[in-house]
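For reference, query-v6.txt (compact mmCIF, C-alpha atoms):
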```txt
# COMPACT_ATOMS: atom_id res chain seq x y z
CA MET A 1 85.61 95.34 62.11
CA SER A 2 83.75 96.85 59.20
CA GLU A 3 83.68 95.56 55.64
CA GLN A 4 86.16 97.75 53.91
CA PRO A 5 86.59 96.91 50.25
CA SER A 6 89.84 98.15 48.83
CA ALA A 7 92.01 97.66 45.80
CA VAL A 8 94.99 95.43 46.44
CA PRO A 9 97.23 96.34 43.47
CA PRO A 10 100.38 98.19 44.55
CA ALA A 11 100.96 101.96 44.50
CA VAL A 12 97.36 102.94 44.83
CA ALA A 13 95.75 106.03 46.22
CA PRO A 14 93.69 105.59 49.38
CA SER A 15 90.12 104.58 48.61
CA ARG A 16 86.96 106.34 49.72
CA ALA A 17 86.33 103.47 52.11
CA PHE A 18 89.73 104.14 53.68
CA GLY A 19 88.62 107.73 54.25
CA LEU A 20 85.34 106.55 55.73
CA GLY A 21 87.27 104.26 58.10
CA LEU A 22 89.34 107.22 59.26
CA VAL A 23 86.19 109.28 59.84
CA VAL A 24 84.65 106.54 61.99
CA LEU A 25 87.82 105.81 63.99
CA GLY A 26 88.62 109.51 64.37
CA ALA A 27 85.10 110.29 65.52
CA ILE A 28 85.27 107.57 68.17
CA GLY A 29 88.63 108.92 69.37
CA LEU A 30 87.26 112.45 69.36
CA THR A 31 84.30 111.39 71.47
CA ALA A 32 86.59 109.73 74.02
CA ALA A 33 88.94 112.73 74.17
CA PHE A 34 85.97 115.03 74.58
CA ALA A 35 84.51 112.94 77.41
CA LEU A 36 87.89 112.88 79.16
CA THR A 37 88.28 116.63 78.81
CA VAL A 38 84.80 117.34 80.17
CA ASP A 39 85.38 114.96 83.10
CA LYS A 40 88.70 116.67 83.76
CA PHE A 41 86.95 120.06 83.96
CA ARG A 42 84.30 118.64 86.29
CA LEU A 43 87.01 117.10 88.45
CA LEU A 44 88.76 120.47 88.66
CA GLU A 45 85.53 122.20 89.66
CA ASP A 46 84.75 119.57 92.25
CA PRO A 47 87.58 117.34 93.50
CA THR A 48 85.02 114.87 94.90
CA PHE A 49 83.44 114.40 91.46
CA LYS A 50 83.21 110.73 90.47
CA PRO A 51 83.45 110.31 86.69
CA SER A 52 80.87 107.96 85.24
CA CYS A 53 83.61 105.67 84.00
CA ASP A 54 84.75 104.77 87.52
CA LEU A 55 83.39 101.26 87.25
CA ASN A 56 85.54 99.28 89.68
CA PRO A 57 89.03 99.40 91.20
CA VAL A 58 90.68 98.40 87.93
CA LEU A 59 88.43 100.16 85.44
CA SER A 60 88.52 103.71 86.70
CA CYS A 61 89.35 107.03 85.13
CA GLY A 62 89.17 109.24 88.20
CA SER A 63 92.30 107.68 89.66
CA VAL A 64 94.09 107.81 86.31
CA MET A 65 93.13 111.37 85.43
CA VAL A 66 94.76 112.85 88.52
CA THR A 67 98.18 111.31 87.84
CA ASP A 68 101.14 113.21 86.44
CA GLN A 69 101.12 110.89 83.45
CA ALA A 70 97.67 112.20 82.54
CA SER A 71 99.17 115.64 81.95
CA VAL A 72 102.60 114.79 80.60
CA PHE A 73 103.08 118.11 78.86
CA GLY A 74 101.65 120.18 81.68
CA PHE A 75 98.06 120.07 80.43
CA ALA A 76 95.52 117.28 80.12
CA ASN A 77 96.55 114.75 77.45
CA SER A 78 92.99 114.69 76.19
CA LEU A 79 93.47 118.19 74.74
CA LEU A 80 95.99 116.66 72.35
CA GLY A 81 93.37 114.06 71.47
CA LEU A 82 90.82 116.77 70.65
CA ILE A 83 93.25 118.37 68.25
CA ALA A 84 94.69 115.24 66.67
CA PHE A 85 91.46 113.31 66.18
CA SER A 86 89.88 116.39 64.58
CA VAL A 87 92.61 116.32 61.95
CA VAL A 88 92.03 112.61 61.38
CA VAL A 89 88.30 113.17 60.91
CA THR A 90 88.86 116.13 58.58
CA LEU A 91 91.33 114.31 56.33
CA GLY A 92 89.09 111.23 56.49
CA VAL A 93 86.14 113.28 55.23
CA LEU A 94 88.23 114.58 52.34
CA LEU A 95 89.35 111.08 51.36
CA ALA A 96 85.83 109.72 51.75
CA SER A 97 84.57 112.45 49.43
CA GLY A 98 86.95 111.20 46.77
CA THR A 99 89.40 114.07 47.05
CA ARG A 100 92.90 113.04 46.03
CA LEU A 101 95.31 114.30 48.63
CA PRO A 102 98.97 114.99 47.82
CA SER A 103 101.05 112.14 49.10
CA TRP A 104 102.96 114.40 51.49
CA VAL A 105 99.69 115.03 53.29
CA LEU A 106 99.23 111.28 53.69
CA VAL A 107 102.81 110.99 54.90
CA GLY A 108 102.19 113.78 57.40
CA LEU A 109 99.06 112.04 58.63
CA ALA A 110 100.97 108.77 58.97
CA GLY A 111 103.78 110.54 60.83
CA GLY A 112 101.39 112.20 63.23
CA ALA A 113 99.54 108.95 63.79
CA THR A 114 102.85 107.22 64.52
CA LEU A 115 103.66 109.79 67.19
CA GLY A 116 100.19 109.21 68.60
CA LEU A 117 100.80 105.47 68.55
CA ALA A 118 104.05 105.85 70.48
CA PHE A 119 102.38 108.15 73.01
CA VAL A 120 99.46 105.79 73.47
CA HIS A 121 101.81 102.89 74.14
CA TRP A 122 103.72 104.85 76.72
CA LEU A 123 100.41 105.73 78.38
CA ALA A 124 99.27 102.10 78.24
CA PHE A 125 102.51 101.03 79.90
CA GLN A 126 102.10 103.66 82.61
CA SER A 127 98.48 102.71 83.12
CA LEU A 128 99.19 98.99 83.39
CA TYR A 129 102.42 98.96 85.34
CA ARG A 130 102.77 102.29 87.13
CA ILE A 131 99.29 103.59 87.88
CA GLY A 132 97.69 100.17 88.12
CA ALA A 133 94.30 101.11 86.73
CA LEU A 134 92.69 101.15 83.32
CA CYS A 135 90.59 104.11 82.28
CA PRO A 136 87.84 103.09 79.88
CA TRP A 137 87.88 106.26 77.77
CA CYS A 138 91.66 106.05 77.53
CA MET A 139 91.40 102.49 76.27
CA VAL A 140 88.95 103.66 73.62
CA VAL A 141 91.64 106.12 72.53
CA TRP A 142 94.27 103.35 72.48
CA SER A 143 92.06 101.08 70.43
CA VAL A 144 91.34 103.64 67.71
CA THR A 145 94.88 105.00 67.61
CA ILE A 146 96.31 101.58 66.78
CA PRO A 147 94.30 101.07 63.55
CA ILE A 148 94.58 104.74 62.59
CA ALA A 149 98.37 104.54 62.84
CA VAL A 150 98.80 101.11 61.24
CA TRP A 151 96.47 101.89 58.38
CA THR A 152 97.62 105.43 57.63
CA VAL A 153 101.26 104.30 57.64
CA LEU A 154 100.50 101.41 55.31
CA GLY A 155 98.22 103.66 53.24
CA ALA A 156 100.91 106.31 52.83
CA LEU A 157 103.50 103.66 51.92
CA ARG A 158 101.09 102.09 49.45
CA ALA A 159 100.46 105.41 47.76
CA ARG A 160 104.19 105.92 47.20
CA SER A 161 105.69 102.51 46.60
CA LYS A 162 104.94 99.28 44.81
CA SER A 163 106.69 97.20 47.44
CA ARG A 164 105.28 93.70 47.71
CA VAL A 165 105.90 93.79 51.47
CA VAL A 166 103.67 96.83 51.82
CA ALA A 167 101.00 95.24 49.63
CA GLY A 168 101.21 92.08 51.68
CA LEU A 169 100.95 93.94 54.99
CA TRP A 170 98.07 95.97 53.63
CA SER A 171 96.18 92.84 52.68
CA VAL A 172 96.42 91.57 56.25
CA ARG A 173 95.84 94.97 57.90
CA TYR A 174 92.88 93.76 59.93
CA LEU A 175 94.86 90.84 61.30
CA LEU A 176 97.74 93.17 62.18
CA VAL A 177 95.45 95.35 64.26
CA LEU A 178 93.72 92.35 65.76
CA GLY A 179 97.06 90.87 66.81
CA TRP A 180 98.03 94.21 68.30
CA TYR A 181 94.80 94.31 70.32
CA LEU A 182 95.38 90.77 71.49
CA VAL A 183 98.78 91.63 72.93
CA VAL A 184 97.30 94.50 74.94
CA VAL A 185 94.32 92.42 76.07
CA VAL A 186 96.57 89.58 77.23
CA LEU A 187 98.82 92.01 79.11
CA ALA A 188 95.79 93.54 80.84
CA LEU A 189 94.43 90.08 81.67
CA VAL A 190 97.72 89.01 83.18
CA ARG A 191 98.38 92.27 85.00
CA PHE A 192 94.99 92.46 86.72
CA TRP A 193 94.20 88.76 86.97
CA ASP A 194 93.90 89.03 90.74
CA TYR A 195 90.98 91.35 90.20
CA TRP A 196 89.42 89.73 87.12
CA SER A 197 89.43 86.35 88.86
CA THR A 198 87.21 87.75 91.60
CA LEU A 199 84.61 88.55 88.95
CA LEU A 200 84.43 84.97 87.65
CA MET B 1 95.20 110.36 17.79
CA PRO B 2 98.43 108.52 16.99
CA GLN B 3 96.60 105.19 16.47
CA ASN B 4 95.48 106.40 13.06
CA LYS B 5 99.05 107.04 12.00
CA LYS B 6 100.33 103.66 13.16
CA ARG B 7 98.43 101.54 10.72
CA PRO B 8 98.03 103.71 7.65
CA HIS B 9 97.67 100.82 5.12
CA LEU B 10 95.08 98.72 6.89
CA PRO B 11 91.58 98.84 5.55
CA PRO B 12 89.14 100.62 7.79
CA VAL B 13 87.76 98.36 10.47
CA PRO B 14 84.05 97.89 10.14
CA GLU B 15 82.01 99.50 12.91
CA SER B 16 80.48 96.15 13.91
CA ALA B 17 83.94 94.57 14.45
CA LYS B 18 85.00 97.60 16.49
CA GLN B 19 81.98 97.18 18.68
CA GLY B 20 82.69 93.49 19.07
CA ARG B 21 86.21 94.17 20.22
CA ALA B 22 85.08 96.81 22.68
CA GLU B 23 82.61 94.35 24.10
CA GLN B 24 85.30 91.72 24.38
CA ARG B 25 87.55 94.12 26.20
CA ALA B 26 84.75 95.13 28.53
CA ALA B 27 83.92 91.48 29.18
CA ALA B 28 87.58 90.71 29.88
CA SER B 29 87.94 93.56 32.33
CA ARG B 30 84.67 92.56 33.98
CA LEU B 31 86.09 89.07 34.37
CA VAL B 32 89.29 90.43 35.91
CA ARG B 33 87.27 92.64 38.24
CA ASP B 34 85.08 89.74 39.28
CA GLN B 35 88.11 87.59 39.90
CA GLU B 36 89.69 90.33 41.96
CA LYS B 37 86.51 90.76 43.93
CA ARG B 38 86.28 87.03 44.57
CA ALA B 39 89.94 86.85 45.57
CA LYS B 40 89.45 89.76 47.93
CA ARG B 41 86.35 88.20 49.44
CA ARG B 42 88.18 84.91 49.90
CA SER B 43 91.13 86.68 51.50
CA LEU B 44 88.80 88.54 53.88
CA LEU B 45 87.06 85.31 54.77
CA ILE B 46 90.38 83.59 55.45
CA GLN B 47 91.55 86.53 57.53
CA ALA B 48 88.31 86.59 59.49
CA SER B 49 88.65 82.88 60.24
CA ILE B 50 92.30 83.21 61.24
CA GLY B 51 91.39 86.21 63.39
CA LEU B 52 88.54 84.44 65.11
CA VAL B 53 90.62 81.34 65.80
CA ALA B 54 93.52 83.46 67.07
CA VAL B 55 91.31 85.50 69.40
CA VAL B 56 89.63 82.45 70.88
CA ALA B 57 92.88 80.48 71.18
CA VAL B 58 94.88 83.30 72.77
CA ILE B 59 92.18 84.44 75.20
CA VAL B 60 91.25 80.92 76.25
CA THR B 61 94.89 79.91 76.70
CA THR B 62 95.64 83.01 78.73
CA VAL B 63 92.63 82.61 80.98
CA VAL B 64 93.24 78.88 81.47
CA VAL B 65 96.90 79.42 82.29
CA LEU B 66 96.09 82.25 84.69
CA ALA B 67 93.24 80.38 86.34
CA ASN B 68 95.35 77.26 86.84
CA ARG B 69 98.18 79.22 88.32
CA GLY B 70 96.11 78.60 91.40
CA PRO B 71 96.03 80.81 94.40
CA ASP B 72 99.21 82.79 94.51
CA GLU B 73 101.96 81.10 96.42
CA PRO B 74 101.91 82.28 100.00
CA ALA B 75 103.62 85.63 99.93
CA ALA B 76 107.28 85.50 100.85
CA THR B 77 107.36 86.85 104.39
CA PRO B 78 110.43 88.56 105.74
CA PRO B 79 111.90 86.53 108.60
CA GLY B 80 111.97 87.68 112.19
CA LEU B 81 108.79 89.72 112.22
CA THR B 82 106.18 89.67 114.95
CA SER B 83 102.87 88.01 114.15
CA ASP B 84 101.43 91.33 113.01
CA GLY B 85 104.38 92.06 110.75
CA ALA B 86 106.47 94.39 112.88
CA VAL B 87 110.21 94.51 113.51
CA ARG B 88 110.50 94.32 117.30
CA PHE B 89 113.28 95.67 119.49
CA GLY B 90 113.34 94.71 123.15
CA PRO B 91 112.66 91.61 125.23
CA ASP B 92 109.48 89.62 124.64
CA ASP B 93 107.95 90.32 128.04
CA THR B 94 108.20 94.07 128.49
CA THR B 95 105.36 95.78 130.31
CA VAL B 96 105.26 98.51 127.68
CA THR B 97 105.29 98.06 123.94
CA ILE B 98 105.32 100.99 121.56
CA GLN B 99 104.26 100.30 118.02
CA THR B 100 104.68 102.74 115.16
CA VAL B 101 103.05 102.50 111.75
CA GLU B 102 105.09 104.24 109.08
CA ASP B 103 105.50 104.50 105.34
CA PHE B 104 108.95 105.29 103.96
CA GLN B 105 107.39 107.77 101.54
CA CYS B 106 105.42 109.66 104.19
CA PRO B 107 106.81 113.13 105.06
CA ALA B 108 104.98 113.22 108.41
CA CYS B 109 106.75 109.96 109.33
CA GLN B 110 110.04 111.58 108.48
CA ARG B 111 109.23 114.49 110.81
CA PHE B 112 108.21 112.00 113.49
CA GLU B 113 111.50 110.14 113.10
CA THR B 114 113.48 113.37 113.23
CA GLU B 115 111.73 114.50 116.38
CA TYR B 116 111.32 111.23 118.26
CA GLY B 117 113.96 108.96 116.72
CA ASP B 118 116.28 109.48 119.68
CA VAL B 119 113.47 108.94 122.18
CA LEU B 120 112.62 105.65 120.51
CA ALA B 121 116.30 104.68 120.40
CA GLY B 122 116.41 105.28 124.16
CA TYR B 123 113.43 102.98 124.66
CA ARG B 124 114.96 100.32 122.38
CA ASP B 125 118.02 100.22 124.60
CA SER B 126 116.09 100.45 127.89
CA GLY B 127 115.13 96.80 128.15
CA GLU B 128 111.86 97.86 129.74
CA VAL B 129 110.09 99.29 126.76
CA ALA B 130 109.89 97.41 123.50
CA VAL B 131 109.58 99.28 120.21
CA GLU B 132 107.90 97.69 117.24
CA TYR B 133 108.13 99.16 113.76
CA ARG B 134 105.28 98.26 111.52
CA THR B 135 106.24 99.57 108.13
CA ILE B 136 103.63 99.64 105.37
CA ALA B 137 103.44 100.88 101.79
CA PHE B 138 100.35 102.79 100.76
CA LEU B 139 101.87 105.85 99.07
CA ASP B 140 102.90 104.32 95.74
CA ARG B 141 100.84 106.96 93.97
CA ALA B 142 103.13 109.63 95.43
CA SER B 143 105.97 108.59 93.16
CA SER B 144 106.20 107.50 89.58
CA THR B 145 108.08 104.34 90.53
CA ASP B 146 106.11 102.79 93.42
CA TYR B 147 108.78 104.14 95.72
CA SER B 148 106.76 103.36 98.81
CA SER B 149 106.63 99.62 97.99
CA ARG B 150 110.18 99.50 96.70
CA ALA B 151 111.57 101.11 99.84
CA LEU B 152 109.59 98.77 102.10
CA ASN B 153 110.75 95.78 100.08
CA ALA B 154 114.35 97.02 100.22
CA SER B 155 114.19 97.38 104.00
CA MET B 156 112.88 93.81 104.25
CA CYS B 157 115.68 92.60 101.97
CA VAL B 158 118.07 94.09 104.51
CA LEU B 159 116.22 92.50 107.44
CA ASP B 160 116.37 89.17 105.65
CA ASP B 161 120.04 89.55 104.83
CA ALA B 162 121.50 91.14 107.93
CA GLY B 163 119.01 91.19 110.79
CA SER B 164 117.19 93.82 112.77
CA GLU B 165 120.11 96.02 113.87
CA VAL B 166 121.15 96.63 110.29
CA TRP B 167 117.47 97.03 109.38
CA MET B 168 117.25 99.78 112.00
CA ARG B 169 120.10 101.67 110.37
CA MET B 170 118.49 101.19 106.96
CA HIS B 171 115.21 102.50 108.40
CA GLU B 172 116.91 105.62 109.72
CA ALA B 173 118.78 106.19 106.47
CA LEU B 174 115.62 105.78 104.39
CA PHE B 175 113.89 108.50 106.39
CA ALA B 176 116.96 110.72 106.37
CA GLN B 177 117.16 110.46 102.58
CA GLN B 178 113.44 110.37 101.90
CA PRO B 179 112.68 111.53 98.33
CA ALA B 180 110.13 114.26 97.77
CA GLU B 181 106.59 113.24 96.95
CA GLY B 182 105.59 113.41 93.31
CA GLY B 183 109.02 112.50 91.98
CA ALA B 184 110.66 109.31 90.85
CA GLY B 185 111.78 108.29 94.34
CA LEU B 186 115.19 106.76 94.90
CA SER B 187 116.39 104.31 92.27
CA ASP B 188 117.08 100.66 92.99
CA VAL B 189 120.77 101.48 92.76
CA GLU B 190 120.44 104.18 95.41
CA LEU B 191 118.42 101.87 97.64
CA THR B 192 121.11 99.21 97.26
CA ARG B 193 123.79 101.71 98.21
CA ILE B 194 121.84 102.80 101.29
CA ALA B 195 121.40 99.14 102.25
CA GLU B 196 125.09 98.44 101.88
CA ASP B 197 126.02 101.59 103.81
CA ALA B 198 123.75 100.36 106.59
CA GLY B 199 125.75 97.13 106.70
CA ALA B 200 123.86 94.69 104.52
CA GLY B 201 125.54 92.37 102.04
CA ASP B 202 124.65 92.23 98.39
CA VAL B 203 120.88 92.79 98.30
CA SER B 204 120.73 94.29 94.82
CA SER B 205 118.84 91.39 93.28
CA CYS B 206 116.36 91.30 96.16
CA ILE B 207 115.79 95.02 95.75
CA ALA B 208 115.27 94.64 92.02
CA ASP B 209 113.06 91.53 92.18
CA ARG B 210 110.84 92.81 94.99
CA PRO B 211 109.99 89.43 96.53
CA PHE B 212 108.23 91.06 99.48
CA ASP B 213 105.74 93.10 97.45
CA ASP B 214 102.89 90.69 98.07
CA TRP B 215 103.64 90.57 101.76
CA ALA B 216 103.77 94.39 101.77
CA LYS B 217 100.32 94.55 100.21
CA ASP B 218 98.92 92.10 102.76
CA THR B 219 100.45 93.83 105.77
CA THR B 220 99.32 97.25 104.54
CA GLN B 221 95.78 95.97 104.07
CA ALA B 222 95.88 94.37 107.52
CA VAL B 223 96.91 97.65 109.10
CA PHE B 224 94.10 99.54 107.40
CA ASP B 225 91.63 96.83 108.36
CA GLU B 226 92.59 97.48 111.97
CA GLY B 227 91.42 101.05 111.61
CA VAL B 228 94.66 102.92 111.03
CA THR B 229 93.89 105.81 108.71
CA SER B 230 97.15 107.72 108.48
CA THR B 231 100.83 107.52 109.16
CA PRO B 232 102.62 107.86 111.44
CA THR B 233 100.31 106.17 113.92
CA VAL B 234 101.81 105.43 117.32
CA PHE B 235 100.41 102.94 119.80
CA VAL B 236 101.41 102.43 123.40
CA ASN B 237 100.26 99.01 124.57
CA GLY B 238 97.74 98.99 121.75
CA ALA B 239 96.23 102.41 122.45
CA PRO B 240 96.82 105.13 119.86
CA VAL B 241 98.64 108.19 121.19
CA GLU B 242 99.70 111.48 119.67
CA PRO B 243 103.48 111.58 119.17
CA ALA B 244 103.64 114.56 121.53
CA GLN B 245 102.06 112.46 124.30
CA LEU B 246 104.28 109.45 123.65
CA GLU B 247 106.66 109.92 126.55
CA ASP B 248 103.86 110.69 129.05
CA ALA B 249 101.93 107.65 127.86
CA VAL B 250 104.99 105.43 128.33
CA VAL B 251 105.58 106.78 131.83
CA ALA B 252 101.95 106.19 132.68
CA ALA B 253 102.07 102.66 131.29
CA LEU B 254 105.22 101.87 133.24
CA GLY B 255 103.27 102.86 136.35
```

Please lay out the structure from this file as structure tokens.
Amino acid sequence: MSEQPSAVPPAVAPSRAFGLGLVVLGAIGLTAAFALTVDKFRLLEDPTFKPSCDLNPVLSCGSVMVTDQASVFGFANSLLGLIAFSVVVTLGVLLASGTRLPSWVLVGLAGGATLGLAFVHWLAFQSLYRIGALCPWCMVVWSVTIPIAVWTVLGALRARSKSRVVAGLWSVRYLLVLGWYLVVVVLALVRFWDYWSTLL
Amino acid sequence: MPQNKKRPHLPPVPESAKQGRAEQRAAASRLVRDQEKRAKRRSLLIQASIGLVAVVAVIVTTVVVLANRGPDEPAATPPGLTSDGAVRFGPDDTTVTIQTVEDFQCPACQRFETEYGDVLAGYRDSGEVAVEYRTIAFLDRASSTDYSSRALNASMCVLDDAGSEVWMRMHEALFAQQPAEGGAGLSDVELTRIAEDAGAGDVSSCIADRPFDDWAKDTTQAVFDEGVTSTPTVFVNGAPVEPAQLEDAVVAALG
């Protein structure tokens, strides 16, 4: 978690630091989506290709990438990531540069991020309970999508309303994301305990 | 600016006083800013502490609870199976025993059942040749719902509930209605209906709860450890034979 100073008073425009946060998170997501896409190409060229992120039976992307869930819309999910994270980075750069964006742009960003959040949770569920393997790059995508969505939604709300609830949620935004991570971590611990316990 | 119009009768404020007031205002806003900064820092510090405590507490609790769950309870084993996990038809002391290894999701097993089901049924009734069905589940990836495991569990629910004759009918029905690979498989409701059509009682909760999943994993692993690499695999007195040679191999074994 980075130090991210921000103004707490209600109905405030996103700060430059907020933009910088989006750039960092978006860039991480973009890297992961890119790696997944490249590995997918390699896998298509050579079905015996072993992606570098095949670490062990639980942490493995090769087995996840070949599933139907990895191409829900008929093409590799990571292509969506390439597009969506690019937008996050671009808007993040604008905010970091001090550009004031119209609030409908922020709302659009928050809406898109929310769709991404829903998608990522469906994928996490599939990965945990249907496919039975965790793909490291995918988890990188999950872990940046959660803060991007939580923060852009709160940021967009904050820019439009003076609600105390929103201000309160904003002030604990790191804890919100941390709690969110914890839930996923605990689920993964429980789900694959049989395997984790062999590593102890 | 309108300020000038508001107080027309006041004497002009000396420049020095103006400056003083501006400084006061600046000092006040600095104070407010500092306070805000301090409050923010304190809030971050509090959040960081809460976060740290929460992470440690939750992770430690989870790991401790999971670690103390101890070795998993011995997997619930379906009753009436042979020691290697097969459903056996025929007397204990036959000179010939056929064993098949099948997965309910495997299309080649379905073809085998279509072609040789009657032959096997003949052996089951012969009294001289025993037939053992060793069903495993290794094709969960071929459906989006672990159909392979769910079907195996459902068949064992039926064995548990109604015995091997009903299981045999369930087995035949599962191959007859085998879902295509790559789909969602049959639903629990459909499996329950097939079970009841075969003659089982109410096995819906057993089918939903999947109590035999762990056993299924163990038996599947055991089969692979023995060197089986595909299904269907057919053994006659322990020796693998091609389905096409099954009848000849049985004749030969009967002497």

From the list A:Ala118, A:Leu20, A:Val93, A:Val64, the nearest residue to chain B using only C-alpha atoms is A:Val64

Neighbours of Ala151 in chain B within 12 Å (all atoms listed in the file; same-chain residues fewer than 2 positions away dropped), as an NGL selection string?
:B and (102-106 or 135-140 or 143 or 145-149 or 153-158 or 167 or 170-171 or 173-175 or 177-179 or 185-192 or 194-195 or 206-208 or 210 or 212-213 or 216)

How far is it from CA of Gly108 in chain A to CA of Leu30 in chain A, in Å with one decimal?
19.2 Å

So which residues fall inside 9 Å of (87.6, 113.2, 76.8) if we count all atoms listed in the file? Mind giving them as a ChimeraX atom specification?
/A:29-40,78-79,81-82,137-138

Write out as a ChimeraX atom specification each polymer residue whose atoms come within 9 Å of Ser52 in chain A, counting all atoms listed in the file; drop sequence neighbours fewer than 2 positions from it.
/A:39,50,54-55,60-62

Set the cut-off to 8 Å and count all atoms listed in the file: what are the residues of chain A that reach chain B? Output as an NGL selection string.
:A and (67 or 130-131 or 172 or 174-175 or 178 or 182 or 186 or 189-190 or 193 or 197)

Need the axis-aligned box for range 121-132 of chain A with 6 Å each side, so what are the centre and edges in Å to one decimal, as lines of an AutoDock Vina configuration file?
```
center_x = 100.7
center_y = 102.3
center_z = 81.1
size_x = 18.0
size_y = 18.8
size_z = 26.0
```

For the atom pair CA of Ser161 in chain A and CA of Thr114 in chain A, what is the interatomic distance in Å to one decimal place?
18.7 Å

8 Å contact set for Arg160 in chain A, only C-alpha atoms, chain neighbours under 3 positions out, as a VMD selection string
chain A and resid 11 to 12 103 156 to 157

I want to know what sits within 8 Å of range 118-132 of chain B, based on all atoms listed in the file, with residues of the same chain fewer than 4 positions away left out; could you give that as a ChimeraX atom specification?
/B:86-92,94-100

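Of note, CA of Thr231 in chain B and CA of Gly80 in chain B are spaced 23.0 Å apart.
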